[in-house]
>>> print(open('final01.cif').read())   # mmCIF, C-alpha atoms
data_run
loop_
_atom_site.label_atom_id
_atom_site.label_comp_id
_atom_site.auth_asym_id
_atom_site.auth_seq_id
_atom_site.Cartn_x
_atom_site.Cartn_y
_atom_site.Cartn_z
CA MET A 763 0.00 0.00 0.00
CA THR A 764 2.80 2.34 0.93
CA LEU A 765 4.48 1.52 -2.34
CA VAL A 766 1.31 2.52 -4.15
CA LEU A 767 1.18 5.79 -2.26
CA VAL A 768 4.83 6.56 -2.92
CA THR A 769 4.44 5.67 -6.57
CA THR A 770 1.41 7.91 -6.84
CA LEU A 771 3.28 10.81 -5.28
CA PHE A 772 6.26 10.17 -7.58
CA LEU A 773 4.07 10.11 -10.66
CA ALA A 774 2.25 13.21 -9.55
CA LEU A 775 5.52 15.07 -9.08
CA GLY A 776 6.78 13.77 -12.38
CA TYR A 777 3.65 14.92 -14.13
CA VAL A 778 4.09 18.42 -12.76
CA ALA A 779 7.73 18.41 -13.84
CA GLU A 780 6.96 17.33 -17.38
CA ALA A 781 3.91 19.49 -17.91
CA GLY A 782 6.03 22.41 -19.14
CA ASN A 783 9.49 23.79 -18.93
CA PHE A 784 8.68 26.73 -16.69
CA GLY A 785 8.91 26.93 -12.94
CA SER A 786 11.34 26.51 -10.12
CA THR A 787 12.27 23.08 -8.87
CA VAL A 788 13.93 21.65 -5.82
CA CYS A 789 17.67 21.90 -6.34
CA GLY A 790 19.10 18.44 -6.28
CA GLY A 791 15.77 16.89 -5.48
CA ASP A 792 13.49 14.94 -7.69
CA PRO A 793 13.27 16.20 -10.38
CA ASN A 794 16.90 17.20 -10.59
CA ASN A 795 16.73 20.75 -11.84
CA CYS A 796 17.80 23.92 -10.24
CA VAL A 797 15.95 26.81 -11.76
CA SER A 798 14.57 29.85 -10.02
CA LEU A 799 12.16 32.53 -11.15
CA ALA A 800 12.97 36.23 -11.24
CA GLU A 801 11.51 38.17 -8.31
CA ASN A 802 9.43 40.30 -10.65
CA ALA A 803 9.26 41.61 -14.21
CA GLY A 804 12.09 44.04 -13.58
CA HIS A 805 15.24 42.01 -14.05
CA SER A 806 18.56 43.67 -13.33
CA ILE A 807 21.72 42.08 -14.77
CA ASP A 808 25.13 43.05 -13.44
CA LEU A 809 28.11 42.34 -15.69
CA GLU A 810 31.19 41.86 -13.56
CA ASN A 811 34.55 42.10 -15.32
CA VAL A 812 33.26 40.41 -18.45
CA THR A 813 34.74 40.69 -21.90
CA SER A 814 33.22 43.14 -24.33
CA GLU A 815 31.93 40.15 -26.28
CA THR A 816 29.99 38.83 -23.31
CA ASP A 817 28.81 42.33 -22.49
CA ASN A 818 27.46 42.77 -26.01
CA ALA A 819 25.84 39.32 -26.09
CA VAL A 820 23.98 39.77 -22.81
CA ARG A 821 22.77 43.22 -23.81
CA TRP A 822 21.68 41.86 -27.19
CA SER A 823 19.77 39.02 -25.55
CA ALA A 824 18.06 41.33 -23.08
CA THR A 825 16.94 43.60 -25.89
CA ASN A 826 16.00 41.00 -28.48
CA ASN A 827 14.95 37.92 -26.50
CA TYR A 828 13.38 39.26 -23.31
CA ASP A 829 12.35 42.89 -23.70
CA PRO A 830 9.72 41.85 -26.28
CA THR A 831 8.06 39.93 -23.44
CA ASP A 832 6.40 41.67 -20.52
CA MET A 833 9.71 41.56 -18.68
CA ASN A 834 11.94 44.58 -18.43
CA PHE A 835 15.64 43.73 -18.41
CA SER A 836 18.22 46.30 -17.40
CA VAL A 837 21.88 45.51 -17.97
CA GLY A 838 24.84 47.36 -16.47
CA THR A 839 28.18 47.11 -14.75
CA GLY A 840 28.97 47.83 -11.12
CA LEU A 841 25.34 47.69 -10.11
CA SER A 842 24.72 47.67 -6.36
CA ASN A 843 21.29 46.12 -6.51
CA TRP A 844 21.15 43.31 -9.02
CA ASP A 845 19.07 40.22 -9.65
CA VAL A 846 21.72 38.36 -11.65
CA ARG A 847 25.48 38.73 -11.77
CA VAL A 848 27.24 37.50 -14.91
CA THR A 849 30.90 36.57 -15.12
CA ASP A 850 33.09 34.85 -17.71
CA ASP A 851 36.40 33.14 -17.13
CA ASN A 852 38.35 29.95 -17.69
CA PHE A 853 36.52 27.71 -15.26
CA GLY A 854 38.12 24.46 -16.41
CA LEU A 855 37.27 21.52 -18.67
CA ASN A 856 34.07 20.45 -16.93
CA ASN A 857 31.81 19.87 -19.96
CA LEU A 858 29.86 23.01 -19.05
CA TYR A 859 29.67 25.90 -21.46
CA GLY A 860 27.80 27.92 -18.90
CA TRP A 861 25.50 27.61 -15.92
CA ALA A 862 23.06 29.46 -13.74
CA ALA A 863 22.70 29.04 -10.02
CA CYS A 864 20.98 30.50 -7.01
CA PRO A 865 23.78 30.53 -4.43
CA ASP A 866 23.18 29.90 -0.76
CA VAL A 867 23.75 33.60 -0.02
CA ALA A 868 21.02 34.76 -2.42
CA VAL A 869 17.63 36.09 -1.35
CA THR A 870 14.73 33.79 -2.14
CA GLY A 871 10.99 33.89 -1.72
CA GLY A 872 7.87 31.95 -2.58
CA SER A 873 7.68 28.21 -2.92
CA HIS A 874 8.06 25.75 -5.75
CA PRO A 875 7.19 25.97 -8.57
CA ASN A 876 7.19 29.73 -8.05
CA ARG A 877 10.28 30.22 -5.94
CA TRP A 878 12.16 33.33 -7.00
CA CYS A 879 15.80 34.12 -6.39
CA ARG A 880 17.50 37.51 -6.26
CA GLY A 881 21.26 37.22 -6.40
CA GLN A 882 21.53 34.53 -9.06
CA ARG A 883 24.86 33.86 -10.71
CA VAL A 884 25.51 33.09 -14.36
CA ARG A 885 28.93 31.89 -15.45
CA PHE A 886 30.19 31.55 -19.00
CA ASN A 887 33.05 29.10 -19.23
CA HIS A 888 35.70 30.43 -21.58
CA SER A 889 37.72 27.26 -21.23
CA TYR A 890 35.43 26.29 -24.10
CA TYR A 891 35.74 29.62 -25.87
CA ASN A 892 36.58 28.13 -29.26
CA GLU A 893 33.54 25.87 -29.14
CA ALA A 894 30.81 28.01 -27.62
CA PHE A 895 31.83 31.65 -27.71
CA ASN A 896 33.82 32.19 -30.89
CA THR A 897 30.93 33.53 -32.96
CA LEU A 898 28.33 36.22 -32.41
CA THR A 899 25.46 33.75 -32.74
CA LYS A 900 26.92 31.33 -30.20
CA ARG A 901 27.47 34.06 -27.64
CA ARG A 902 23.97 35.39 -28.11
CA SER A 903 22.56 31.89 -27.80
CA MET A 904 24.49 31.28 -24.60
CA ALA A 905 23.21 34.55 -23.17
CA CYS A 906 19.64 33.74 -24.21
CA HIS A 907 19.92 30.27 -22.61
CA GLU A 908 21.35 31.30 -19.26
CA MET A 909 19.14 34.39 -18.94
CA GLY A 910 16.23 32.03 -19.58
CA HIS A 911 17.20 29.95 -16.58
CA THR A 912 17.25 33.06 -14.40
CA VAL A 913 13.60 33.79 -15.20
CA GLY A 914 12.37 30.23 -14.64
CA LEU A 915 12.80 28.49 -17.97
CA ARG A 916 14.10 24.93 -17.83
CA HIS A 917 15.48 22.96 -20.75
CA ARG A 918 13.21 22.20 -23.68
CA ASP A 919 14.03 21.18 -27.22
CA GLU A 920 13.07 24.56 -28.57
CA GLY A 921 14.97 27.74 -29.30
CA CYS A 922 17.86 28.70 -27.07
CA MET A 923 16.64 26.56 -24.15
CA THR A 924 17.58 23.36 -25.93
CA ASN A 925 20.19 21.03 -24.49
CA GLY A 926 23.34 20.45 -26.49
CA SER A 927 25.47 22.38 -28.90
CA ASN A 928 22.97 23.83 -31.37
CA PHE A 929 23.20 27.49 -30.42
CA PRO A 930 19.94 29.02 -31.66
CA ASP A 931 19.78 32.66 -30.59
CA TYR A 932 16.00 32.95 -30.39
CA LEU A 933 13.70 32.14 -27.51
CA GLY A 934 11.00 30.21 -29.36
CA ALA A 935 7.24 30.62 -29.11
CA HIS A 936 6.66 28.16 -26.27
CA ASN A 937 9.36 29.67 -24.08
CA PHE A 938 8.18 33.18 -24.96
CA ASP A 939 4.63 32.29 -23.92
CA HIS A 940 5.83 30.91 -20.60
CA VAL A 941 7.60 34.16 -19.80
CA GLN A 942 4.60 36.20 -20.92
CA ALA A 943 2.25 34.18 -18.78
CA ASN A 944 4.29 34.50 -15.61
CA TYR A 945 5.46 38.12 -15.50
CA MET B 532 -27.38 -4.67 15.30
CA ASN B 533 -29.11 -2.41 12.84
CA ILE B 534 -27.54 0.92 12.07
CA GLY B 535 -28.87 3.68 9.89
CA LEU B 536 -27.42 4.91 6.62
CA ALA B 537 -26.06 8.06 8.22
CA GLN B 538 -24.31 6.07 10.93
CA ARG B 539 -22.91 3.67 8.36
CA ALA B 540 -21.57 6.56 6.29
CA ALA B 541 -19.99 8.08 9.39
CA LEU B 542 -18.32 4.79 10.20
CA VAL B 543 -16.97 4.51 6.67
CA ARG B 544 -15.62 8.06 6.83
CA ARG B 545 -14.02 7.38 10.19
CA GLY B 546 -12.47 4.19 8.87
CA ALA B 547 -11.11 6.04 5.86
CA HIS B 548 -9.57 8.69 8.10
CA VAL B 549 -7.91 6.06 10.24
CA ALA B 550 -6.56 4.33 7.14
CA VAL B 551 -5.15 7.57 5.72
CA VAL B 552 -3.51 8.47 9.04
CA ALA B 553 -2.04 4.96 9.31
CA LEU B 554 -0.73 5.15 5.75
CA LEU B 555 0.87 8.53 6.32
CA ALA B 556 2.47 7.28 9.53
CA LEU B 557 3.83 4.27 7.68
CA LEU B 558 5.10 6.49 4.89
CA LEU B 559 6.77 8.90 7.31
CA ALA B 560 8.38 6.00 9.11
CA GLN B 561 9.76 4.67 5.84
CA VAL B 562 11.02 8.08 4.81
CA ALA B 563 12.65 8.48 8.20
CA LEU B 564 14.31 5.11 7.82
CA GLY B 565 15.30 6.03 4.29
CA ARG B 566 17.24 9.02 5.61
CA GLY B 567 19.48 6.58 7.36
CA THR B 568 20.32 5.55 10.88
CA ALA B 569 23.43 4.19 12.44
CA ASP B 570 22.55 0.78 11.05
CA VAL B 571 20.83 1.61 7.77
CA PRO B 572 22.94 3.29 5.09
CA VAL B 573 21.42 6.31 3.41
CA PRO B 574 20.14 5.32 -0.05
CA ILE B 575 21.90 7.03 -2.93
CA HIS B 576 18.62 8.77 -3.77
CA HIS B 577 18.73 10.69 -0.51
CA ARG B 578 22.40 11.48 -0.23
CA GLU B 579 22.95 15.21 0.01
CA GLY B 580 26.40 14.89 -1.51
CA TRP B 581 24.85 13.85 -4.84
CA ALA B 582 21.97 16.27 -4.53
CA VAL B 583 24.17 19.34 -4.12
CA LEU B 584 25.91 18.56 -7.40
CA ASN B 585 22.61 19.36 -9.07
CA GLU B 586 22.47 22.84 -7.64
CA ILE B 587 23.43 24.44 -10.91
CA GLU B 588 21.55 24.49 -14.19
CA PRO B 589 24.16 23.85 -16.89
CA LEU B 590 24.38 23.92 -20.65
CA GLN B 591 26.58 20.96 -21.48
CA LYS B 592 29.05 20.48 -24.30
CA GLU B 593 28.47 16.75 -24.57
CA TRP B 594 24.88 15.55 -24.49
CA PHE B 595 23.60 12.06 -25.31
CA VAL B 596 20.25 10.74 -26.38
CA ALA B 597 20.85 7.09 -25.53
CA LEU B 598 23.13 4.56 -23.88
CA ARG B 599 24.85 3.33 -27.03
CA PRO B 600 26.34 6.63 -28.23
CA MET B 601 27.36 7.54 -24.71
CA ALA B 602 29.11 4.22 -24.17
CA ARG B 603 30.89 4.39 -27.51
CA SER B 604 31.92 7.98 -26.93
CA ALA B 605 33.59 7.43 -23.56
CA ASP B 606 37.39 7.45 -23.40
CA LEU B 607 37.08 5.15 -20.42
CA LEU B 608 34.03 3.18 -19.34
CA VAL B 609 34.37 1.29 -16.11
CA GLU B 610 32.45 -0.38 -13.36
CA GLY B 611 33.83 0.71 -10.05
CA THR B 612 33.38 2.34 -6.68
CA LEU B 613 34.02 5.92 -5.67
CA GLY B 614 36.43 6.39 -2.79
CA ASP B 615 38.27 9.25 -1.14
CA VAL B 616 37.23 12.77 -2.03
CA THR B 617 39.87 15.48 -1.66
CA LYS B 618 39.90 19.19 -2.40
CA GLY B 619 41.22 19.87 -5.86
CA ARG B 620 41.96 22.64 -8.29
CA VAL B 621 40.51 26.13 -8.16
CA PHE B 622 39.64 28.07 -11.31
CA GLY B 623 38.42 31.60 -11.92
CA SER B 624 39.57 34.82 -10.34
CA PRO B 625 39.17 36.63 -6.99
CA GLY B 626 35.54 36.93 -6.08
CA ASP B 627 34.54 34.36 -8.65
CA TYR B 628 36.34 31.14 -7.88
CA VAL B 629 35.11 27.72 -8.94
CA TYR B 630 36.14 24.78 -6.80
CA TYR B 631 36.78 21.18 -7.78
CA VAL B 632 37.24 17.95 -5.88
CA ASN B 633 39.26 14.90 -6.84
CA VAL B 634 37.39 11.66 -6.40
CA GLU B 635 39.27 8.38 -6.43
CA LEU B 636 37.47 5.80 -8.55
CA THR B 637 38.54 2.23 -7.86
CA ILE B 638 38.05 0.14 -10.97
CA SER B 639 36.61 -3.35 -10.75
CA ASP B 640 36.08 -3.84 -14.47
CA VAL B 641 37.08 -1.94 -17.59
CA LEU B 642 34.44 -2.07 -20.31
CA ARG B 643 36.10 0.34 -22.70
CA GLY B 644 39.41 2.19 -22.93
CA ARG B 645 42.61 2.04 -20.95
CA PRO B 646 42.96 3.94 -17.67
CA VAL B 647 45.56 6.70 -17.56
CA THR B 648 46.61 6.68 -13.95
CA GLN B 649 49.39 7.07 -11.44
CA GLU B 650 47.81 4.52 -9.13
CA PRO B 651 47.10 1.17 -10.80
CA GLY B 652 43.51 0.11 -10.30
CA SER B 653 42.07 3.56 -9.88
CA VAL B 654 41.65 6.89 -11.66
CA ILE B 655 40.92 10.43 -10.52
CA VAL B 656 37.55 11.91 -11.45
CA GLU B 657 37.47 15.68 -11.13
CA ILE B 658 34.08 17.12 -10.20
CA MET B 659 33.13 20.79 -9.96
CA LEU B 660 31.35 21.88 -6.80
CA PRO B 661 28.39 24.24 -7.10
CA TYR B 662 29.93 26.22 -4.24
CA GLU B 663 32.93 25.73 -1.97
CA SER B 664 31.04 24.63 1.13
CA ALA B 665 29.46 21.74 -0.78
CA TYR B 666 32.71 19.89 -0.21
CA GLU B 667 31.66 18.45 3.14
CA ALA B 668 28.54 16.77 1.80
CA VAL B 669 30.26 15.50 -1.32
CA ALA B 670 33.20 14.10 0.66
CA ALA B 671 30.82 12.38 3.04
CA ASP B 672 28.35 10.91 0.58
CA LEU B 673 30.08 9.95 -2.65
CA PRO B 674 32.48 7.32 -1.28
CA GLY B 675 31.09 3.83 -1.57
CA THR B 676 28.95 4.59 -4.60
CA THR B 677 29.23 1.71 -7.03
CA GLY B 678 28.15 1.81 -10.63
CA LEU B 679 29.01 2.36 -14.27
CA TYR B 680 31.08 5.46 -14.95
CA PHE B 681 31.39 6.91 -18.45
CA LEU B 682 34.51 9.06 -18.44
CA ARG B 683 36.33 11.61 -20.58
CA ASN B 684 40.06 12.06 -20.16
CA LYS B 685 40.82 15.75 -19.88
CA LYS B 686 44.15 15.54 -21.64
CA THR B 687 42.45 13.87 -24.59
CA GLU B 688 39.82 16.59 -24.55
CA ALA B 689 42.42 19.35 -24.32
CA ALA B 690 44.30 17.83 -27.25
CA SER B 691 41.15 17.58 -29.35
CA MET B 692 40.50 21.26 -28.65
CA GLY B 693 43.99 22.19 -29.80
CA LEU B 694 44.98 23.63 -26.43
CA PRO B 695 48.70 24.28 -25.78
CA GLN B 696 50.89 21.30 -24.92
CA ASP B 697 51.52 22.45 -21.34
CA VAL B 698 47.78 22.72 -20.76
CA GLN B 699 47.30 19.23 -22.14
CA GLU B 700 50.00 17.80 -19.90
CA ALA B 701 48.44 19.36 -16.82
CA GLU B 702 45.25 17.44 -17.55
CA THR B 703 46.88 14.04 -18.07
CA TYR B 704 45.51 12.19 -15.05
CA PHE B 705 42.17 13.95 -14.72
CA TYR B 706 38.90 12.45 -15.86
CA ARG B 707 35.42 13.92 -15.85
CA PHE B 708 32.04 12.31 -16.43
CA VAL B 709 31.27 12.56 -20.14
CA SER B 710 28.24 14.57 -18.99
CA THR B 711 25.84 14.56 -16.08
CA GLN B 712 24.38 11.53 -17.84
CA GLY B 713 27.51 9.46 -17.37
CA VAL B 714 26.86 8.16 -13.86
CA LEU B 715 24.68 5.07 -13.52
CA THR B 716 24.88 3.92 -9.93
CA ARG B 717 23.74 0.63 -8.45
CA ASP B 718 21.54 1.09 -5.42
CA SER B 719 21.09 -1.34 -2.55
CA ALA B 720 18.33 -3.12 -4.45
CA SER B 721 20.60 -3.57 -7.49
CA ARG B 722 18.59 -1.01 -9.41
CA VAL B 723 19.98 1.83 -11.48
CA PHE B 724 19.90 5.33 -10.12
CA ALA B 725 21.33 8.16 -12.22
CA PRO B 726 21.91 10.84 -9.57
CA LEU B 727 22.67 13.65 -12.00
CA ALA B 728 20.06 12.86 -14.66
CA GLU B 729 17.64 15.49 -15.85
CA PRO B 730 13.94 14.57 -15.93
CA GLY B 731 12.60 13.99 -19.38
CA TYR B 732 16.00 13.20 -20.82
CA PHE B 733 18.17 10.10 -21.03
CA PRO B 734 19.15 8.42 -18.69
CA PHE B 735 16.35 9.47 -16.35
CA ASN B 736 14.35 6.67 -17.98
CA LEU B 737 16.82 4.10 -16.64
CA ASN B 738 16.11 4.92 -13.00
CA GLY B 739 14.75 1.79 -11.36
CA ALA B 740 15.88 -0.56 -14.11
CA ALA B 741 17.72 -3.73 -13.13
CA TYR B 742 21.39 -2.77 -12.86
CA GLU B 743 22.71 -6.01 -14.35
CA HIS B 744 20.39 -5.63 -17.30
CA VAL B 745 21.69 -2.12 -17.99
CA ARG B 746 25.24 -3.31 -17.60
CA ARG B 747 24.61 -6.06 -20.17
CA ASP B 748 23.04 -3.50 -22.51
CA THR B 749 26.08 -1.30 -22.09
CA GLU B 750 28.44 -4.15 -22.96
CA ALA B 751 26.29 -5.10 -25.93
CA SER B 752 26.29 -1.53 -27.20
CA LEU B 753 30.08 -1.65 -27.32
CA ARG B 754 30.08 -4.85 -29.39
CA SER B 755 27.44 -4.00 -31.97
#
>>> encode(input="final01.cif", output="structure tokens")
Amino acid sequence: MTLVLVTTLFLALGYVAEAGNFGSTVCGGDPNNCVSLAENAGHSIDLENVTSETDNAVRWSATNNYDPTDMNFSVGTGLSNWDVRVTDDNFGLNNLYGWAACPDVAVTGGSHPNRWCRGQRVRFNHSYYNEAFNTLTKRRSMACHEMGHTVGLRHRDEGCMTNGSNFPDYLGAHNFDHVQANY
Amino acid sequence: MNIGLAQRAALVRRGAHVAVVALLALLLAQVALGRGTADVPVPIHHREGWAVLNEIEPLQKEWFVALRPMARSADLLVEGTLGDVTKGRVFGSPGDYVYYVNVELTISDVLRGRPVTQEPGSVIVEIMLPYESAYEAVAADLPGTTGLYFLRNKKTEAASMGLPQDVQEAETYFYRFVSTQGVLTRDSASRVFAPLAEPGYFPFNLNGAAYEHVRRDTEASLRS
């Protein structure tokens, strides 16, 4: 009986997880995602000691991928009050082109699947520069992808939120609609 | 004894409540046991040291849709057991460091490739921590984890990327998982658990499968 109950709970959680690719999830739990929402539609991005290429790509993505939604991205350097801080560096050969995270020192609120995080970190791994950052389109795609995670988008085989090395620089209709519906 | 419909319904409701409470108590007891006691090891599924490794949302260079291409892609594919975890290299710059650990992987069987190692019988798997303080949980929980490990040699990777010779040499003895998909552990019930798998994507679908069956499939995928 207990097994039935556990299975039911598992399936129910799984159903929620697979219903769409938007929403925060328990970091390291089941399902294994770690995505947080933005606190609100105003999304402030701080660029900390990034290359001009990364700077341009993030600004391009904010303007072309997210500003057309109901969100309002602002991008700057040396910001004192930011929602997301972006850095780029040689972080080692770890198979990761980039990643987003809500560190333990960040401010969070709400509960899953609507937990938001202020103080998220995005890192672009230039150890893989020649594979993922050596063209304008790749850099824009990377920015689109990681910014998407910071507003609650999980992976989906569409637009820039796809897994793998395809590098589309557009958000895609489904992802766009998710952002529209939640901010 | 004759009882009315209303009384009968009340009895049924009361019985249902008791059953639900009993079920929840049983469930809570099992969950509590599942978290581990002095005598019962914590199942892989509940080990914080694996869970914290999922506390980032990455875009990965290597990504696989099935077992066969992942197995055939690996530089080294072994069955083995994770051992000592030690603090490793640090990358990045002040204020933005990224921390790694070195995990000793004792090899019981080599399915593909030849280990590059300084210590015969084991290799070093380098794993990035989501944050520095995650070390404690990782060091406590990863040792003892047995399973299939699909590995990429970092020197081989550096060479394929055309990185300078000194950079390649520095990576000689380091391995990484080919991706977060490249860890198929065997739990206490001899079932597969992929602790880093992403829902909806391979190898999440292998969770709960018979470990020996998956191992045989892996071997077969290397032959065909």
>>> atom_distance(input="final01.cif", atom1="CA of Arg645 in chain B", atom2="CA of Asp606 in chain B")
7.9 Å
>>> resolve_selection(input="final01.cif", expression="the PyMOL selection byres ((chain B) within 9 of (chain A))", output="ChimeraX atom specification")
/B:554-555,557-558,561,576-577,579,581-595,621-624,627-630,657-659,661-662,685,688-689,692,707-711,726-731
>>> resolve_selection(input="final01.cif", expression="the PyMOL selection byres ((chain B and resi 741) around 7)", output="list in words")
Ser721, Arg722, Val723, Gly739, Ala740, Tyr742, Glu743, His744 and Val745 of chain B
>>> closest_residue(input="final01.cif", among="A:Ala824, A:Leu915, A:Ala819, A:Val869", to="Ser903 in chain A", atoms="only C-alpha atoms")
A:Ala819
>>> atom_distance(input="final01.cif", atom1="CA of Asn738 in chain B", atom2="CA of Ala602 in chain B")
17.2 Å
>>> atom_distance(input="final01.cif", atom1="CA of Ala725 in chain B", atom2="CA of Thr648 in chain B")
25.4 Å
>>> residues_around(input="final01.cif", residues="Leu613 in chain B", least_positions_apart="2", cutoff="10 Å", atoms="all atoms listed in the file", output="PyMOL selection string")
chain B and resi 611+615-616+634-638+653-656+672-678+680
>>> residues_around(input="final01.cif", residues="Ser842 in chain A", least_positions_apart="3", cutoff="10 Å", atoms="only C-alpha atoms", output="ChimeraX atom specification")
/A:808,839,845
>>> residues_around(input="final01.cif", residues="Cys879 in chain A", least_positions_apart="3", cutoff="7 Å", atoms="all atoms listed in the file", output="PyMOL selection string")
chain A and resi 798-801+864+868-871+882
>>> build_atoms(input="final01.cif", residues="range 585-600 of chain B", atoms="N, CA and C atoms", output="PDB file, in the frame of the given file")
ATOM      1  N   ASN B 585      23.633  18.900  -8.130  1.00  0.00           N
ATOM      2  CA  ASN B 585      22.610  19.360  -9.070  1.00  0.00           C
ATOM      3  C   ASN B 585      22.214  20.811  -8.847  1.00  0.00           C
ATOM      4  N   GLU B 586      22.903  21.489  -7.967  1.00  0.00           N
ATOM      5  CA  GLU B 586      22.470  22.840  -7.640  1.00  0.00           C
ATOM      6  C   GLU B 586      22.972  23.890  -8.618  1.00  0.00           C
ATOM      7  N   ILE B 587      23.195  23.495  -9.820  1.00  0.00           N
ATOM      8  CA  ILE B 587      23.430  24.440 -10.910  1.00  0.00           C
ATOM      9  C   ILE B 587      22.583  23.969 -12.084  1.00  0.00           C
ATOM     10  N   GLU B 588      22.295  24.865 -12.993  1.00  0.00           N
ATOM     11  CA  GLU B 588      21.550  24.490 -14.190  1.00  0.00           C
ATOM     12  C   GLU B 588      22.477  24.726 -15.381  1.00  0.00           C
ATOM     13  N   PRO B 589      23.095  23.668 -15.893  1.00  0.00           N
ATOM     14  CA  PRO B 589      24.160  23.850 -16.890  1.00  0.00           C
ATOM     15  C   PRO B 589      23.701  23.679 -18.339  1.00  0.00           C
ATOM     16  N   LEU B 590      24.467  24.273 -19.234  1.00  0.00           N
ATOM     17  CA  LEU B 590      24.380  23.920 -20.650  1.00  0.00           C
ATOM     18  C   LEU B 590      25.644  23.130 -20.954  1.00  0.00           C
ATOM     19  N   GLN B 591      25.456  21.877 -21.382  1.00  0.00           N
ATOM     20  CA  GLN B 591      26.580  20.960 -21.480  1.00  0.00           C
ATOM     21  C   GLN B 591      27.084  20.821 -22.914  1.00  0.00           C
ATOM     22  N   LYS B 592      28.389  20.682 -23.004  1.00  0.00           N
ATOM     23  CA  LYS B 592      29.050  20.480 -24.300  1.00  0.00           C
ATOM     24  C   LYS B 592      28.648  19.126 -24.888  1.00  0.00           C
ATOM     25  N   GLU B 593      28.820  18.088 -24.101  1.00  0.00           N
ATOM     26  CA  GLU B 593      28.470  16.750 -24.570  1.00  0.00           C
ATOM     27  C   GLU B 593      27.107  16.374 -24.007  1.00  0.00           C
ATOM     28  N   TRP B 594      26.252  15.884 -24.888  1.00  0.00           N
ATOM     29  CA  TRP B 594      24.880  15.550 -24.490  1.00  0.00           C
ATOM     30  C   TRP B 594      24.448  14.339 -25.289  1.00  0.00           C
ATOM     31  N   PHE B 595      23.906  13.340 -24.650  1.00  0.00           N
ATOM     32  CA  PHE B 595      23.600  12.060 -25.310  1.00  0.00           C
ATOM     33  C   PHE B 595      22.109  11.744 -25.257  1.00  0.00           C
ATOM     34  N   VAL B 596      21.672  11.084 -26.307  1.00  0.00           N
ATOM     35  CA  VAL B 596      20.250  10.740 -26.380  1.00  0.00           C
ATOM     36  C   VAL B 596      19.995   9.295 -25.980  1.00  0.00           C
ATOM     37  N   ALA B 597      21.049   8.493 -25.854  1.00  0.00           N
ATOM     38  CA  ALA B 597      20.850   7.090 -25.530  1.00  0.00           C
ATOM     39  C   ALA B 597      22.143   6.481 -24.991  1.00  0.00           C
ATOM     40  N   LEU B 598      22.001   5.253 -24.490  1.00  0.00           N
ATOM     41  CA  LEU B 598      23.130   4.560 -23.880  1.00  0.00           C
ATOM     42  C   LEU B 598      24.247   4.267 -24.883  1.00  0.00           C
ATOM     43  N   ARG B 599      23.855   3.790 -26.053  1.00  0.00           N
ATOM     44  CA  ARG B 599      24.850   3.330 -27.030  1.00  0.00           C
ATOM     45  C   ARG B 599      25.847   4.422 -27.422  1.00  0.00           C
ATOM     46  N   PRO B 600      25.358   5.599 -27.875  1.00  0.00           N
ATOM     47  CA  PRO B 600      26.340   6.630 -28.230  1.00  0.00           C
ATOM     48  C   PRO B 600      27.168   7.110 -27.055  1.00  0.00           C
TER      49      PRO B 600
END
